[in-house]
There are 2 protein chains.
Amino acid sequence: MRAEGIIRRKRDGEELTTEEISFFINGVVSGQVPDYQASAFLMAAYLKGMTHAETVALTRAMLESGETLDLSGLSGPRLDKHSTGGVGDKISIVLAPLMAAMGMKVPMIAGRGLCHTGGTLDKLESIPGLRTTLSDAEFRSCMLDVGFCMMGQSERLVPADRKLYALRDVTATVESIPLIAASIMSKKLAEGIEGLILDVKCGSGAFMRNIDDARKLARTLVDIGASMNVQTVALITDMDQPLGRTVGNAIEIKECLSALRGKGPDDLMELTYTLAAWALNLGDAVEEERLPMPMKDFTRRSYKHEVMEFIEKGDAFRKFVEFIDAQGGDPDVAFRPTGLPSASEVHQLKATDEGFIKRLDARAVGDAAMLLGAGRCRMEDSIDHGAGIMLLKKRGDQIAAGEPLATFYTNDPSKLKEAEDIFRSGIELSDRDVARSPLVLETLLEKT
Amino acid sequence: MRAEGIIRRKRDGEELTTEEISFFINGVVSGQVPDYQASAFLMAAYLKGMTHAETVALTRAMLESGETLDLSGLSGPRLDKHSTGGVGDKISIVLAPLMAAMGMKVPMIAGRGLCHTGGTLDKLESIPGLRTTLSDAEFRSCMLDVGFCMMGQSERLVPADRKLYALRDVTATVESIPLIAASIMSKKLAEGIEGLILDVKCGSGAFMRNIDDARKLARTLVDIGASMNVQTVALITDMDQPLGRTVGNAIEIKECLSALRGKGPDDLMELTYTLAAWALNLGDAVEEERLPMPMKDFTRRSYKHEVMEFIEKGDAFRKFVEFIDAQGGDPDVAFRPTGLPSASEVHQLKATDEGFIKRLDARAVGDAAMLLGAGRCRMEDSIDHGAGIMLLKKRGDQIAAGEPLATFYTNDPSKLKEAEDIFRSGIELSDRDVARSPLVLETLLEKT
């Protein structure tokens with residue numbers, strides 16, 4: 001077997017065998033397949049696509065390139081949630097403690113923000129002292145004592161993904177559904193989970209701009225899960241406007257604390273409850289060794305009712321406090337959010353016109369927040385945890401001329417003007433009332 | 001300008017600008033564009049193709065990546081001939097001295113054989129003492145004194161091609177017409193020539209197996225020539241059977257010596273005369289600063305008559321003797337070919353059946369010759385200059401059972417059996433007379 005022959009077959013649109021993909025990926029990790037062969041393969045895969053069997057083989061080869069998390073001796077179904085990333089998407093920070101409160105084990109490996117999208121790790125690191133790099137012993141005690149953790153990816157997990165992603169990033173081969181799916185799923189499966197809830201964001205602030213692409217990605221992810229014996233559901237959710245009312249880091253943690261007390265904005269609460277309900281459904285399926293309840297029987301109301309209790313009783317909030325403590329953070333901030341980083345400059349943005357908000361472009365809001373310091377252009381840039389945007393109006397809201405639209409927080413006032421221009425470029429008003437669009441666009445389960 | 005953006009545009013099938021291609025190629029040569037970006041670009045170019053303007057820009061950028069030959073102070077039109085390679089294709093060795101005898105200057109950079117195809121340099125090196133690596137001073141004195149040379153490519157000419165070719169070879173991106181064309185033309189244009197005769201081989205023993213591909217390549221090559229102000233003609237010629245009656249190195253030199261005396265086999269003489277006639281036509285066009293005579297006015301007969309005189313008077317043969325001397329070889333072998341390397345084992349292959357030869361597969365003959373030692377599998381392998389095959393019958397010839405078909409020469413008799421099997425797999429007989437197929441299939445000139 002030779003790397004050149006494998007590249008050639010992919011180039012010609014032929015289906016590679018599991019053995020060929022495994023040979024190639026092992027070679028990439030060991031260095032026997034040099035970077036220039038890997039990148040030619042990636043471009044061929046980008047342009048010619050990969051079949052389901054190839055994508056599963058790729059996921060498996062990537063997964064097997066490294067270690068998996070040790071979750072032995074843990075009781076309760078092992079589940080995780082993954083979002084493909086968006087603006088103001090803080091769901092994980094509310095959902096993980098909620099799932100743990102419901103008795104699930106959630107070994108969440110999370111990521112960082114880039115460009116207009118935020119990252120769970122960045123948001124968490126605005127909590128003074130909190131560490132997202134854990135030793136094996138710290139990880140195990142988090143899982144045993146708290147039931148969940150949120151941490152960065154260790155070097156020992158899925159090394160193939162780190163290598164391939166670095167190459168994809170500089171060879172214009174990022175936006176390939178099979179490559180994206182294999183990257184996501186190999187990392188999630190390395191957590192040793194039994195069930196996975198995927199939140200595939202769709203819209204201007206997401207990686208998938210339209211429903212067709214989002215559907216393709218969601219279907220690919222769910223199919224990989226099914227082939228790898230992990231109960232998987234994918235929800236395609238709206239990311240045309242930001243989720244919740246905050247975009248930033250400390251400011252989003254504050255919103256999460258409200259949400260954990262049941263007082264978050266409607267969209268944030270709704271999506272949290274829906275995803276948690278699906279987690280319950282998957283958890284039951286895992287424990288009873290059957291497929292999850294299909295959509296038609298999935299009476300969201302009853303699951304949702306169960307979920308809401310764990311918020312209302314304060315169990316989820318308490319889990320979050322335990323989590324902060326276990327990962328070295330100051331748990332006091334959960335009760336006194338003034339201890340979180342803040343911004344020296346507070347700037348209110350007013351509407352220049354009256355009308356109903358028809359568009360509140362997630363990408364524009366994310367770009368404005370990045371400019372204020374809340375995000376980074378390049379992975380090596382640092383971020384300002386105190387910076388961010390509070391949205392005072394959202395899509396469908398009515399606004400009068402001169403009424404506050406949003407509040408900007410920053411420690412770099414020189415950027416205010418440009419950030420405001422970008423933000424305003426994402427606003428569109430309508431004379432007439434705007435129909436509320438659904439938050440969950442589609443739900444995909446394993447095909448039966 | 002960023003390499004990743006250029007790869008992305010090519011990936012999306014957009015047309016790159018001259019500046020983008022130049023930026024990319026300069027980066028590849030300087031090392032600022034790493035190999036993994038170069039190979040992703042090559043795969044995208046392979047799969048998405050390149051427009052005429054892009055191919056010209058690529059050729060120019062590659063040409064400008066290095067030096068060009070110094071041909072200052074030479075009188076007479078500066079022309080060269082290039083073949084895309086085949087089996088038994090020894091034309092250059094006859095044509096270059098013939099062109100020089102006719103007053104042209106031919107600074108020929110030639111190549112080596114690989115797999116079933118032979119290489120001009122390998123054949124020449126079977127002449128004792130002859131060197132194909134020349135210093136600048138030696139090159140100039142060859143050009144001034146003899147009027148032509150045949151040598152290997154210097155490190156300083158077209159470094160971009162060396163780099164790109166090495167990458168293409170291991171990333172399954174060799175067989176791309178724009179990439180092949182830019183590689184050929186950048187190297188030929190680095191010779192500083194004013195006119196170029198291209199022999200695009202077509203058939204089982206050639207890189208281009210069918211007429212459509214051969215035509216695409218020929219058209220691309222001629223169009224690049226036109227855009228770069230070099231008078232260019234491309235002849236698509238048959239390579240379904242080997243050219244001439246010999247396949248090997250020393251054995252082909254012997255056949256060239258016969259041809260230079262006007263006594264070569266018919267196909268070899270015909271193609272030599274035709275290409276030389278085109279050289280005269282291009283040479284006249286260069287001197288008179290006009291386009292070459294178009295096909296319809298190109299009365300091959302009169303040019304051919306002129307050409308034949310230079311063979312008949314012995315001028316071409318004398319040029320070849322001068323050339324051997326100038327490049328350090330022993331000119332005596334031109335008169336006493338027994339001084340050339342030979343083989344210890346001579347094996348005659350007899351027909352097992354009677355009939356007319358319908359197929360004498362060039363690829364099979366080339367592979368058999370390689371096995372006997374006349375060729376190499378990998379560039380780093382050495383070759384046996386004494387090994388080769390003499391074809392006693394060619395396509396269209398009638399043969400009786402038991403009559404000799406070919407003679408094998410080798411110094412490694414252990415390979416005889418396998419070589420014979422391969423050779424026989426390329427032979428097909430017919431009960432009925434076989435129509436002779438034309439040697440020159442098509443001729444392409446600049447579109448006017």
# chains A, B, ... in the order shown; residues from 1 in each chain; ligands from 1
>>> select_by_dssp(residues="stretch 249-352 of chain A", states="strand (DSSP E or B)", output="ChimeraX atom specification")
/A:345-350
>>> residues_around(residues="stretch 169-172 of chain A", least_positions_apart="4", cutoff="8 Å", atoms="only C-alpha atoms", output="PyMOL selection string")
(chain A and resi 39+43+165) or (chain B and resi 4-5+7-8+11+36-37+40-41)
>>> write_last_selection(atoms="N, CA, C and O atoms", output="short mmCIF file (atom, residue, chain, number, x, y, z; two decimals), in the first residue's frame")
data_model
loop_
_atom_site.label_atom_id
_atom_site.label_comp_id
_atom_site.auth_asym_id
_atom_site.auth_seq_id
_atom_site.Cartn_x
_atom_site.Cartn_y
_atom_site.Cartn_z
N SER A 39 -1.86 16.90 2.40
CA SER A 39 -2.65 18.04 1.91
C SER A 39 -3.19 17.77 0.50
O SER A 39 -4.29 18.23 0.17
N MET A 43 -7.22 17.88 -0.31
CA MET A 43 -7.84 18.63 -1.42
C MET A 43 -8.66 17.67 -2.31
O MET A 43 -9.75 18.02 -2.75
N TYR A 165 -6.13 19.17 11.01
CA TYR A 165 -6.78 20.47 11.07
C TYR A 165 -5.79 21.59 10.75
O TYR A 165 -6.11 22.53 10.02
N GLU B 4 -2.99 30.69 0.89
CA GLU B 4 -4.23 29.97 1.18
C GLU B 4 -5.39 30.50 0.33
O GLU B 4 -6.22 29.73 -0.14
N GLY B 5 -5.43 31.83 0.14
CA GLY B 5 -6.50 32.41 -0.67
C GLY B 5 -6.38 32.00 -2.14
O GLY B 5 -7.39 31.81 -2.83
N ILE B 7 -5.02 29.14 -3.22
CA ILE B 7 -5.47 27.74 -3.28
C ILE B 7 -7.00 27.69 -3.27
O ILE B 7 -7.61 26.96 -4.04
N ARG B 8 -7.60 28.51 -2.40
CA ARG B 8 -9.06 28.53 -2.27
C ARG B 8 -9.72 28.91 -3.60
O ARG B 8 -10.70 28.29 -4.02
N ARG B 11 -9.36 26.08 -5.99
CA ARG B 11 -10.27 25.04 -5.51
C ARG B 11 -11.71 25.30 -5.98
O ARG B 11 -12.43 24.39 -6.37
N TYR B 36 3.31 21.67 1.56
CA TYR B 36 1.93 21.20 1.74
C TYR B 36 0.93 22.15 1.10
O TYR B 36 -0.14 21.71 0.67
N GLN B 37 1.27 23.41 0.98
CA GLN B 37 0.38 24.32 0.26
C GLN B 37 0.54 24.11 -1.25
O GLN B 37 -0.43 24.14 -2.00
N ALA B 40 -1.46 21.01 -2.26
CA ALA B 40 -2.91 21.24 -2.26
C ALA B 40 -3.29 22.04 -3.51
O ALA B 40 -4.30 21.77 -4.17
N PHE B 41 -2.45 23.00 -3.86
CA PHE B 41 -2.68 23.77 -5.08
C PHE B 41 -2.63 22.87 -6.31
O PHE B 41 -3.48 22.95 -7.21
#
>>> closest_residue(among="B:Asn281, B:Thr237, B:Thr220, B:Thr173", to="B:Pro77", atoms="only C-alpha atoms")
B:Asn281
>>> residues_around(residues="A:Ser83", least_positions_apart="5", cutoff="8 Å", atoms="only C-alpha atoms", output="list in words")
Leu198, Asp199, Val200 and Lys201 of chain A
>>> write_last_selection(atoms="C-alpha atoms", output="PDB file, in the first residue's frame")
ATOM      1  CA  LEU A 198     -25.436  17.723  18.387  1.00  0.00           C
ATOM      2  CA  ASP A 199     -26.482  21.328  17.950  1.00  0.00           C
ATOM      3  CA  VAL A 200     -25.815  22.119  14.287  1.00  0.00           C
ATOM      4  CA  LYS A 201     -26.004  25.881  13.977  1.00  0.00           C
TER       5      LYS A 201
END
>>> residues_around(residues="B:Asp330", least_positions_apart="4", cutoff="7 Å", atoms="only C-alpha atoms", output="ChimeraX atom specification")
/B:127-129,324-325
>>> write_last_selection(atoms="N, CA and C atoms", output="PDB file, in the first residue's frame")
ATOM      1  N   ILE B 127      27.665   6.142 -25.652  1.00  0.00           N
ATOM      2  CA  ILE B 127      28.867   6.460 -26.427  1.00  0.00           C
ATOM      3  C   ILE B 127      30.018   6.682 -25.441  1.00  0.00           C
ATOM      4  N   PRO B 128      31.068   5.868 -25.498  1.00  0.00           N
ATOM      5  CA  PRO B 128      32.140   5.957 -24.492  1.00  0.00           C
ATOM      6  C   PRO B 128      32.679   7.386 -24.345  1.00  0.00           C
ATOM      7  N   GLY B 129      32.693   7.858 -23.111  1.00  0.00           N
ATOM      8  CA  GLY B 129      33.282   9.164 -22.804  1.00  0.00           C
ATOM      9  C   GLY B 129      32.336  10.331 -22.912  1.00  0.00           C
ATOM     10  N   ILE B 324      29.944  14.510 -30.884  1.00  0.00           N
ATOM     11  CA  ILE B 324      30.505  13.502 -29.975  1.00  0.00           C
ATOM     12  C   ILE B 324      31.831  14.006 -29.426  1.00  0.00           C
ATOM     13  N   ASP B 325      32.648  14.520 -30.318  1.00  0.00           N
ATOM     14  CA  ASP B 325      33.964  15.022 -29.925  1.00  0.00           C
ATOM     15  C   ASP B 325      33.829  16.180 -28.932  1.00  0.00           C
TER      16      ASP B 325
END
>>> residues_around(residues="B:Asp367", least_positions_apart="5", cutoff="12 Å", atoms="only C-alpha atoms", output="compact mmCIF listing (two decimals) with C-alpha atoms, in the first residue's frame")
# COMPACT_ATOMS: atom_id res chain seq x y z
CA GLY B 86 7.93 7.01 -26.29
CA VAL B 87 9.50 3.67 -27.10
CA GLY B 88 12.37 3.60 -29.60
CA GLY B 113 14.05 7.41 -19.59
CA LEU B 114 11.62 6.09 -17.00
CA CYS B 115 9.60 2.86 -17.02
CA HIS B 116 8.89 1.79 -20.60
CA THR B 117 10.03 5.06 -22.23
CA GLY B 118 13.60 5.75 -23.25
CA SER B 204 0.05 2.68 -25.90
CA GLY B 205 3.73 3.54 -25.46
CA PRO B 242 7.84 1.54 -31.31
CA VAL B 247 14.65 -0.20 -28.51
CA GLY B 248 17.45 0.34 -26.03
CA ASP B 361 2.37 -2.88 -28.58
CA ALA B 362 4.86 -0.13 -27.81
CA LEU B 372 16.30 -6.69 -20.10
CA GLY B 373 18.16 -3.79 -18.47
CA ALA B 374 17.67 -1.05 -21.07
CA GLY B 375 15.42 1.04 -18.83
CA ARG B 376 14.78 1.88 -15.21
CA CYS B 377 11.78 1.64 -12.89
CA GLY B 388 17.78 -3.81 -25.84
CA ILE B 389 15.52 -5.24 -28.49
CA LYS B 415 15.08 -11.86 -17.11
CA GLU B 418 9.61 -12.69 -18.27
CA ALA B 419 10.65 -10.18 -20.94
CA GLU B 420 9.58 -12.60 -23.64
CA ASP B 421 6.18 -13.13 -22.01
CA ILE B 422 5.60 -9.39 -21.80
CA PHE B 423 6.73 -8.89 -25.38
CA ARG B 424 4.45 -11.65 -26.65
CA SER B 425 1.49 -10.19 -24.74
CA GLY B 426 1.87 -7.15 -26.99
>>> atom_distance(atom1="atom CA of B:Thr59", atom2="atom CA of B:Ser227")
10.3 Å
>>> residues_around(residues="B:Ala45", least_positions_apart="2", cutoff="12 Å", atoms="only C-alpha atoms", output="short mmCIF file (atom, residue, chain, number, x, y, z; two decimals) with N, CA, C and O atoms, in the first residue's frame")
data_model
loop_
_atom_site.label_atom_id
_atom_site.label_comp_id
_atom_site.auth_asym_id
_atom_site.auth_seq_id
_atom_site.Cartn_x
_atom_site.Cartn_y
_atom_site.Cartn_z
N ARG A 11 -8.45 10.99 -5.79
CA ARG A 11 -8.47 11.96 -6.88
C ARG A 11 -9.42 11.52 -7.99
O ARG A 11 -10.14 12.35 -8.58
N ALA A 40 -2.46 17.01 -0.31
CA ALA A 40 -3.01 16.64 -1.63
C ALA A 40 -4.23 15.74 -1.43
O ALA A 40 -5.24 15.88 -2.12
N MET A 43 -7.22 17.88 -0.31
CA MET A 43 -7.84 18.63 -1.42
C MET A 43 -8.66 17.67 -2.31
O MET A 43 -9.75 18.02 -2.75
N ALA A 44 -8.13 16.48 -2.55
CA ALA A 44 -8.88 15.51 -3.35
C ALA A 44 -10.17 15.12 -2.63
O ALA A 44 -11.24 15.04 -3.24
N LEU A 47 -12.67 17.98 -2.88
CA LEU A 47 -13.32 18.17 -4.19
C LEU A 47 -14.10 16.94 -4.65
O LEU A 47 -15.06 17.09 -5.41
N ILE B 6 -5.16 31.86 -2.60
CA ILE B 6 -4.93 31.45 -4.00
C ILE B 6 -5.37 30.00 -4.18
O ILE B 6 -6.05 29.66 -5.16
N ILE B 7 -5.02 29.14 -3.22
CA ILE B 7 -5.47 27.74 -3.28
C ILE B 7 -7.00 27.69 -3.27
O ILE B 7 -7.61 26.96 -4.04
N ARG B 8 -7.60 28.51 -2.40
CA ARG B 8 -9.06 28.53 -2.27
C ARG B 8 -9.72 28.91 -3.60
O ARG B 8 -10.70 28.29 -4.02
N ARG B 9 -9.18 29.92 -4.26
CA ARG B 9 -9.78 30.36 -5.53
C ARG B 9 -9.64 29.27 -6.61
O ARG B 9 -10.58 29.03 -7.37
N LYS B 10 -8.50 28.63 -6.62
CA LYS B 10 -8.31 27.54 -7.61
C LYS B 10 -9.26 26.40 -7.27
O LYS B 10 -9.88 25.82 -8.15
N ARG B 11 -9.36 26.08 -5.99
CA ARG B 11 -10.27 25.04 -5.51
C ARG B 11 -11.71 25.30 -5.98
O ARG B 11 -12.43 24.39 -6.37
N ASP B 12 -12.10 26.58 -5.97
CA ASP B 12 -13.47 26.93 -6.36
C ASP B 12 -13.60 27.12 -7.87
O ASP B 12 -14.65 27.58 -8.34
N GLY B 13 -12.57 26.81 -8.62
CA GLY B 13 -12.65 26.87 -10.08
C GLY B 13 -12.58 28.28 -10.63
O GLY B 13 -12.94 28.51 -11.79
N GLU B 14 -12.12 29.22 -9.83
CA GLU B 14 -11.98 30.59 -10.33
C GLU B 14 -10.67 30.73 -11.11
O GLU B 14 -9.75 29.94 -10.95
N GLU B 15 -10.61 31.75 -11.97
CA GLU B 15 -9.39 31.97 -12.75
C GLU B 15 -8.43 32.85 -11.95
O GLU B 15 -8.78 33.96 -11.53
N LEU B 16 -7.22 32.36 -11.77
CA LEU B 16 -6.22 33.12 -11.03
C LEU B 16 -5.59 34.18 -11.93
O LEU B 16 -5.51 34.01 -13.14
N ILE B 21 -0.46 33.80 -9.61
CA ILE B 21 0.33 32.62 -9.98
C ILE B 21 1.82 32.89 -9.77
O ILE B 21 2.55 32.06 -9.25
N ALA B 38 1.78 23.90 -1.68
CA ALA B 38 2.02 23.65 -3.10
C ALA B 38 1.25 22.42 -3.57
O ALA B 38 0.61 22.44 -4.62
N SER B 39 1.26 21.36 -2.77
CA SER B 39 0.61 20.12 -3.23
C SER B 39 -0.91 20.24 -3.20
O SER B 39 -1.59 19.66 -4.05
N ALA B 40 -1.46 21.01 -2.26
CA ALA B 40 -2.91 21.24 -2.26
C ALA B 40 -3.29 22.04 -3.51
O ALA B 40 -4.30 21.77 -4.17
N PHE B 41 -2.45 23.00 -3.86
CA PHE B 41 -2.68 23.77 -5.08
C PHE B 41 -2.63 22.87 -6.31
O PHE B 41 -3.48 22.95 -7.21
N LEU B 42 -1.64 22.00 -6.36
CA LEU B 42 -1.48 21.11 -7.52
C LEU B 42 -2.70 20.20 -7.67
O LEU B 42 -3.19 19.99 -8.78
N MET B 43 -3.21 19.68 -6.55
CA MET B 43 -4.39 18.82 -6.64
C MET B 43 -5.61 19.63 -7.10
O MET B 43 -6.41 19.15 -7.92
N LEU B 47 -7.66 18.90 -10.55
CA LEU B 47 -9.09 18.57 -10.61
C LEU B 47 -9.93 19.68 -11.23
O LEU B 47 -10.98 19.41 -11.80
N LYS B 48 -9.49 20.93 -11.12
CA LYS B 48 -10.30 22.03 -11.64
C LYS B 48 -9.78 22.56 -12.97
O LYS B 48 -10.44 23.38 -13.61
N GLY B 49 -8.58 22.15 -13.37
CA GLY B 49 -8.03 22.62 -14.63
C GLY B 49 -7.48 24.03 -14.52
O GLY B 49 -7.58 24.68 -13.49
N MET B 50 -6.88 24.50 -15.62
CA MET B 50 -6.38 25.87 -15.67
C MET B 50 -6.73 26.43 -17.05
O MET B 50 -6.67 25.71 -18.05
N THR B 51 -7.07 27.70 -17.09
CA THR B 51 -7.38 28.34 -18.36
C THR B 51 -6.09 28.59 -19.14
O THR B 51 -4.99 28.45 -18.61
N GLU B 54 -4.07 31.24 -17.43
CA GLU B 54 -3.41 30.71 -16.23
C GLU B 54 -2.21 29.84 -16.60
O GLU B 54 -1.16 29.92 -15.96
N THR B 55 -2.38 29.03 -17.64
CA THR B 55 -1.30 28.12 -18.03
C THR B 55 -0.10 28.92 -18.54
O THR B 55 1.05 28.59 -18.25
N LEU B 58 1.54 30.46 -15.56
CA LEU B 58 2.30 29.45 -14.83
C LEU B 58 3.63 29.17 -15.55
O LEU B 58 4.69 29.11 -14.92
N ARG B 168 4.59 16.64 -7.62
CA ARG B 168 3.55 16.01 -8.43
C ARG B 168 3.73 14.50 -8.46
O ARG B 168 2.77 13.74 -8.42
N ALA B 172 0.13 12.24 -6.95
CA ALA B 172 -0.84 11.84 -7.99
C ALA B 172 -1.36 13.05 -8.77
O ALA B 172 -2.54 13.15 -9.08
N THR B 173 -0.45 13.98 -9.08
CA THR B 173 -0.86 15.16 -9.85
C THR B 173 -0.01 15.32 -11.11
O THR B 173 0.15 16.43 -11.61
N VAL B 174 0.53 14.21 -11.60
CA VAL B 174 1.36 14.29 -12.81
C VAL B 174 0.50 14.50 -14.05
O VAL B 174 0.75 15.38 -14.86
N GLU B 175 -0.57 13.70 -14.18
CA GLU B 175 -1.30 13.64 -15.45
C GLU B 175 -2.28 14.79 -15.65
O GLU B 175 -3.48 14.57 -15.86
N SER B 176 -1.82 16.00 -15.59
CA SER B 176 -2.66 17.18 -15.78
C SER B 176 -2.11 17.95 -16.98
O SER B 176 -0.94 18.34 -16.98
N ILE B 177 -2.93 18.14 -17.98
CA ILE B 177 -2.43 18.77 -19.20
C ILE B 177 -1.84 20.16 -18.96
O ILE B 177 -0.74 20.45 -19.42
N PRO B 178 -2.51 21.06 -18.23
CA PRO B 178 -1.87 22.37 -18.01
C PRO B 178 -0.54 22.25 -17.25
O PRO B 178 0.42 22.96 -17.58
N LEU B 179 -0.48 21.35 -16.27
CA LEU B 179 0.76 21.21 -15.50
C LEU B 179 1.86 20.58 -16.36
O LEU B 179 3.02 21.00 -16.30
N ILE B 180 1.50 19.60 -17.17
CA ILE B 180 2.47 18.98 -18.09
C ILE B 180 2.97 20.04 -19.08
O ILE B 180 4.17 20.19 -19.32
#
>>> residues_around(residues="stretch 433-439 of chain B", least_positions_apart="2", cutoff="6 Å", atoms="only C-alpha atoms", output="ChimeraX atom specification")
/B:237-238,356,396
>>> atom_distance(atom1="atom CA of A:Gly283", atom2="atom CA of A:Glu194")
8.5 Å
